[in-house]
Amino acid sequence: MSRPPTFTPPPGVRARRLGTARGEFAVLEADAVTVRVRGTVLLLPGFTGSKEDFIALQPLLAAAGYRTVAVDGRGQHESPGPRDDEAPYAQAELARDVIAQAHAVGEPVHLLGHSLGGHIARAAVLLDASPFVSLTLMASGPARISDPQQQRVKLLHEALAVLDMAQVWEAIQAVEPPADDPGDIDEGLLDGEDLRRRWLGNSPAQLLATGRQLCMEPDRVDELAAVGLPVHVLSGERDDTWPVPLLDDMAVRLGAHRTVVPRAEHSPNTDQPERTARALTAFWQLLA
C-alpha cells in the first residue's frame with residue numbers, strides 16, 4: 001500500500017542546510033501559507049527513511065498554517081556522519097541532535113517522529129522537554145520492534161558485515177516484496193535511482209547502531225507519561241512493526257490522543273497524507 005516518496009520538492013518546499021550547535025543537517029522546509037502561523041513542526045523520519053518521506057504532508061500542513069522542517073538525521077541520506085564509528089549514533093547523541101535542531105528552527109516546536117524517529121523523539125523529550133509543545137509518535141511503539149522485523153534487521157546487519165552499501169542494495173532488490181506488501185520498517189526500499197542514491201548516502205555505522213536500537217529499545221512509556229507533555233499516538237490500521245493493539249495500549253498508558261488512519265499501514269504519511277494531515281492539525285489545534 002505504501003508509495004515510495006518523491007524526491008522532488010513540490011512548490012513551497014525548499015531544501016537547505018540547517019546549522020545547529022551540533023553541526024549541519026539537511027532539511028526540507030515549508031512555510032505556512034496562511035496569514036496566521038499556528039506553529040512550527042519538526043519531522044523525524046524512520047529507519048532507512050529520510051526527510052523526503054514527509055514531502056506529501058508538508059504542503060498540506062502549510063495550508064493549515066504550520067511551518068514544517070523535515071530533517072535527515074546524523075548519517076542519514078544527505079546529513080553527514082561517520083561511516084565506521086557507531087558511537088555518534090547512540091540514541092542519547094541523536095536525541096541531543098534533535099534538541100539542537102529544535103533550538104535552531106526556533107522553539108517551541110511540535111515534534112513528530114515516525115517509527116525509529118519516534119524513539120529518538122521520545123529520548124529527546126525525556127532528556128529535555130522544554131523546546132517542545134507536543135510529541136506525535138507516528139507508527140512508533142513502546143519498546144522493541146516485532147520479532148519478524150528484528151529478523152529483517154539481523155539480516156541487514158549480517159549483510160553489512162560482508163558487503164558494501166551498493167552490494168547490499170542489490171541484494172535487497174533481489175528479495176524485496178512487492179510494493180503492496182504490508183508495511184515494514186524498511187518498506188521504502190523499492191527500486192529507483194533516487195531511492196538507491198538515498199540508500200548509498202546512509203552511513204553503515206548509523207544503520208548498524210539504529211537497527212540495534214530498534215531491536216533492544218526498552219519500554220519507556222511510564223517515563224514519558226511522567227513528563228506531562230501532550231502526546232499523540234498515530235498509526236495506520238495495520239502495522240507489522242508494532243501491532244496496532246500494542247499502540248492502542250501505549251496511548252492509554254500515556255493518556256494520549258489516539259488516531260488510527262484508515263487504509264494506511266506503517267507509513268500513514270505516504271499511504272494517506274491528506275487524512276494524516278487532518279489528524280495532525282486537529283490534535284495541534286486542541287492545544288492552541
# chains A, B, ... in the order shown; residues from 1 in each chain; ligands from 1
$ residues_around --residues "Val105 of chain A" --least-positions-apart "2" --cutoff "9 Å" --atoms "only C-alpha atoms" --output "VMD selection string"
chain A and resid 18 20 40 42 69 100 to 103 107 to 109
$ closest_atom_pairs --of "segment 29-103 of chain A" --to "segment 118-134 of chain A" --cutoff "8 Å" --atoms "only C-alpha atoms" --output "CSV"
residue,atom,partner,partner_atom,distance
A:Leu44,CA,A:Gly118,CA,7.4
A:Gly46,CA,A:Gly118,CA,7.7
A:Gln91,CA,A:Ile120,CA,6.4
A:Ala92,CA,A:Ala123,CA,6.8
A:Leu94,CA,A:Ile120,CA,6.6
A:Ala95,CA,A:Ala124,CA,4.3
A:Arg96,CA,A:Ala124,CA,6.4
A:Val98,CA,A:Ala124,CA,6.4
A:Ile99,CA,A:Ala124,CA,6.3
A:Ala102,CA,A:Pro131,CA,6.4
A:His103,CA,A:Pro131,CA,7.0
$ select_by_dssp --residues "segment 46-75 of chain A" --states "helix (DSSP H, G or I)" --output "ChimeraX atom specification"
/A:51-54,57-63
$ closest_residue --among "A:Arg17, A:Lys154, A:Arg22, A:Arg144" --to "Asp97 of chain A" --atoms "only C-alpha atoms"
A:Arg22
$ atom_distance --atom1 "atom CA of Asp248 of chain A" --atom2 "atom CA of Pro273 of chain A"
21.0 Å
$ select_by_dssp --residues "segment 59-287 of chain A" --states "strand (DSSP E)" --output "PyMOL selection string"
chain A and resi 66-71+109-114+132-138+231-236+257-261
$ write_last_selection --atoms "N, CA, C and O atoms" --output "short mmCIF file (atom, residue, chain, number, x, y, z; two decimals), in the first residue's frame"
data_model
loop_
_atom_site.label_atom_id
_atom_site.label_comp_id
_atom_site.auth_asym_id
_atom_site.auth_seq_id
_atom_site.Cartn_x
_atom_site.Cartn_y
_atom_site.Cartn_z
N TYR A 66 0.89 25.71 9.36
CA TYR A 66 2.05 25.22 10.10
C TYR A 66 3.30 25.27 9.24
O TYR A 66 3.33 24.80 8.10
N ARG A 67 4.34 25.84 9.79
CA ARG A 67 5.68 25.74 9.20
C ARG A 67 6.23 24.36 9.55
O ARG A 67 6.11 23.91 10.69
N THR A 68 6.85 23.69 8.59
CA THR A 68 7.38 22.36 8.82
C THR A 68 8.85 22.29 8.42
O THR A 68 9.27 22.90 7.43
N VAL A 69 9.61 21.54 9.20
CA VAL A 69 11.02 21.28 8.92
C VAL A 69 11.23 19.78 9.05
O VAL A 69 11.18 19.24 10.15
N ALA A 70 11.43 19.10 7.91
CA ALA A 70 11.72 17.67 7.90
C ALA A 70 13.23 17.50 7.78
O ALA A 70 13.87 18.15 6.95
N VAL A 71 13.79 16.62 8.59
CA VAL A 71 15.25 16.57 8.74
C VAL A 71 15.80 15.18 8.46
O VAL A 71 15.18 14.17 8.81
N VAL A 109 8.43 23.91 19.42
CA VAL A 109 8.01 23.19 18.22
C VAL A 109 7.14 21.99 18.60
O VAL A 109 7.25 21.44 19.69
N HIS A 110 6.29 21.63 17.66
CA HIS A 110 5.60 20.34 17.72
C HIS A 110 6.58 19.31 17.14
O HIS A 110 7.04 19.46 16.01
N LEU A 111 6.87 18.28 17.89
CA LEU A 111 7.83 17.27 17.47
C LEU A 111 7.09 16.02 17.00
O LEU A 111 6.19 15.53 17.68
N LEU A 112 7.45 15.52 15.82
CA LEU A 112 6.85 14.30 15.28
C LEU A 112 7.96 13.35 14.85
O LEU A 112 8.86 13.73 14.10
N GLY A 113 7.87 12.10 15.33
CA GLY A 113 8.82 11.08 14.93
C GLY A 113 8.11 9.89 14.35
O GLY A 113 7.15 9.37 14.94
N HIS A 114 8.56 9.44 13.18
CA HIS A 114 7.99 8.26 12.53
C HIS A 114 8.87 7.04 12.82
O HIS A 114 10.08 7.07 12.57
N PHE A 132 9.66 21.77 23.39
CA PHE A 132 8.58 21.13 22.65
C PHE A 132 7.20 21.45 23.20
O PHE A 132 6.99 21.48 24.41
N VAL A 133 6.26 21.67 22.28
CA VAL A 133 4.86 21.92 22.62
C VAL A 133 4.11 20.60 22.73
O VAL A 133 3.21 20.45 23.56
N SER A 134 4.47 19.65 21.88
CA SER A 134 3.79 18.36 21.86
C SER A 134 4.69 17.33 21.21
O SER A 134 5.71 17.68 20.57
N LEU A 135 4.31 16.07 21.35
CA LEU A 135 5.03 14.97 20.73
C LEU A 135 4.03 14.07 20.01
O LEU A 135 3.05 13.62 20.62
N THR A 136 4.27 13.81 18.74
CA THR A 136 3.48 12.83 17.99
C THR A 136 4.35 11.63 17.67
O THR A 136 5.42 11.77 17.06
N LEU A 137 3.90 10.46 18.11
CA LEU A 137 4.56 9.20 17.80
C LEU A 137 3.79 8.55 16.66
O LEU A 137 2.68 8.06 16.86
N MET A 138 4.36 8.57 15.47
CA MET A 138 3.69 8.04 14.28
C MET A 138 4.23 6.64 13.98
O MET A 138 5.42 6.48 13.67
N VAL A 231 0.74 14.21 24.11
CA VAL A 231 1.23 13.20 23.18
C VAL A 231 0.10 12.73 22.28
O VAL A 231 -1.04 12.56 22.72
N HIS A 232 0.44 12.50 21.03
CA HIS A 232 -0.48 11.97 20.03
C HIS A 232 0.11 10.66 19.52
O HIS A 232 1.25 10.64 19.04
N VAL A 233 -0.62 9.58 19.62
CA VAL A 233 -0.20 8.29 19.06
C VAL A 233 -1.01 8.08 17.78
O VAL A 233 -2.23 7.94 17.82
N LEU A 234 -0.32 8.09 16.65
CA LEU A 234 -0.97 7.99 15.34
C LEU A 234 -0.39 6.80 14.59
O LEU A 234 0.82 6.58 14.60
N SER A 235 -1.28 6.03 13.97
CA SER A 235 -0.81 4.88 13.19
C SER A 235 -1.80 4.59 12.08
O SER A 235 -2.91 5.13 12.05
N GLY A 236 -1.40 3.70 11.19
CA GLY A 236 -2.34 3.14 10.24
C GLY A 236 -3.19 2.07 10.91
O GLY A 236 -2.99 1.75 12.09
N HIS A 257 -3.74 11.40 22.98
CA HIS A 257 -4.68 11.48 21.86
C HIS A 257 -4.35 10.32 20.92
O HIS A 257 -3.19 10.01 20.68
N ARG A 258 -5.37 9.64 20.38
CA ARG A 258 -5.13 8.46 19.55
C ARG A 258 -5.83 8.60 18.21
O ARG A 258 -7.03 8.94 18.16
N THR A 259 -5.10 8.34 17.14
CA THR A 259 -5.67 8.34 15.80
C THR A 259 -5.24 7.08 15.06
O THR A 259 -4.05 6.74 15.05
N VAL A 260 -6.21 6.39 14.46
CA VAL A 260 -5.93 5.29 13.54
C VAL A 260 -6.37 5.75 12.16
O VAL A 260 -7.56 6.06 11.95
N VAL A 261 -5.44 5.83 11.23
CA VAL A 261 -5.73 6.34 9.90
C VAL A 261 -6.21 5.18 9.02
O VAL A 261 -5.48 4.21 8.80
#
$ closest_residue --among "A:Gly201, A:Pro148, A:Pro243, A:Gly106" --to "Asp72 of chain A" --atoms "only C-alpha atoms"
A:Gly201
$ residues_around --residues "segment 204-213 of chain A" --least-positions-apart "3" --cutoff "8 Å" --atoms "only C-alpha atoms" --output "list in words"
Phe47, Thr48, Arg74, Gly75, Gln76, Gly81, Pro82, Arg83, Asp84, Asp85, Glu86, Tyr89, Ala90, Gln91, Leu116, Arg144, Val153, His157, Leu160, Met165, Met216 and Glu217 of chain A
$ atom_distance --atom1 "atom CA of Gly141 of chain A" --atom2 "atom CA of Arg196 of chain A"
27.7 Å
$ closest_residue --among "A:Arg220, A:Asp53, A:Val175, A:Asp240" --to "Pro268 of chain A" --atoms "only C-alpha atoms"
A:Asp53
$ residues_around --residues "Ala63 of chain A" --least-positions-apart "6" --cutoff "9 Å" --atoms "only C-alpha atoms" --output "list in words"
Ala32, Val33 and Thr34 of chain A
$ write_last_selection --atoms "N, CA and C atoms" --output "compact mmCIF listing (two decimals), in the first residue's frame"
# COMPACT_ATOMS: atom_id res chain seq x y z
N ALA A 32 4.32 28.24 6.47
CA ALA A 32 2.86 28.32 6.46
C ALA A 32 2.42 29.30 5.38
N VAL A 33 1.32 28.98 4.71
CA VAL A 33 0.84 29.86 3.65
C VAL A 33 -0.40 30.62 4.08
N THR A 34 -0.69 30.61 5.36
CA THR A 34 -1.83 31.34 5.90
C THR A 34 -1.35 32.62 6.58
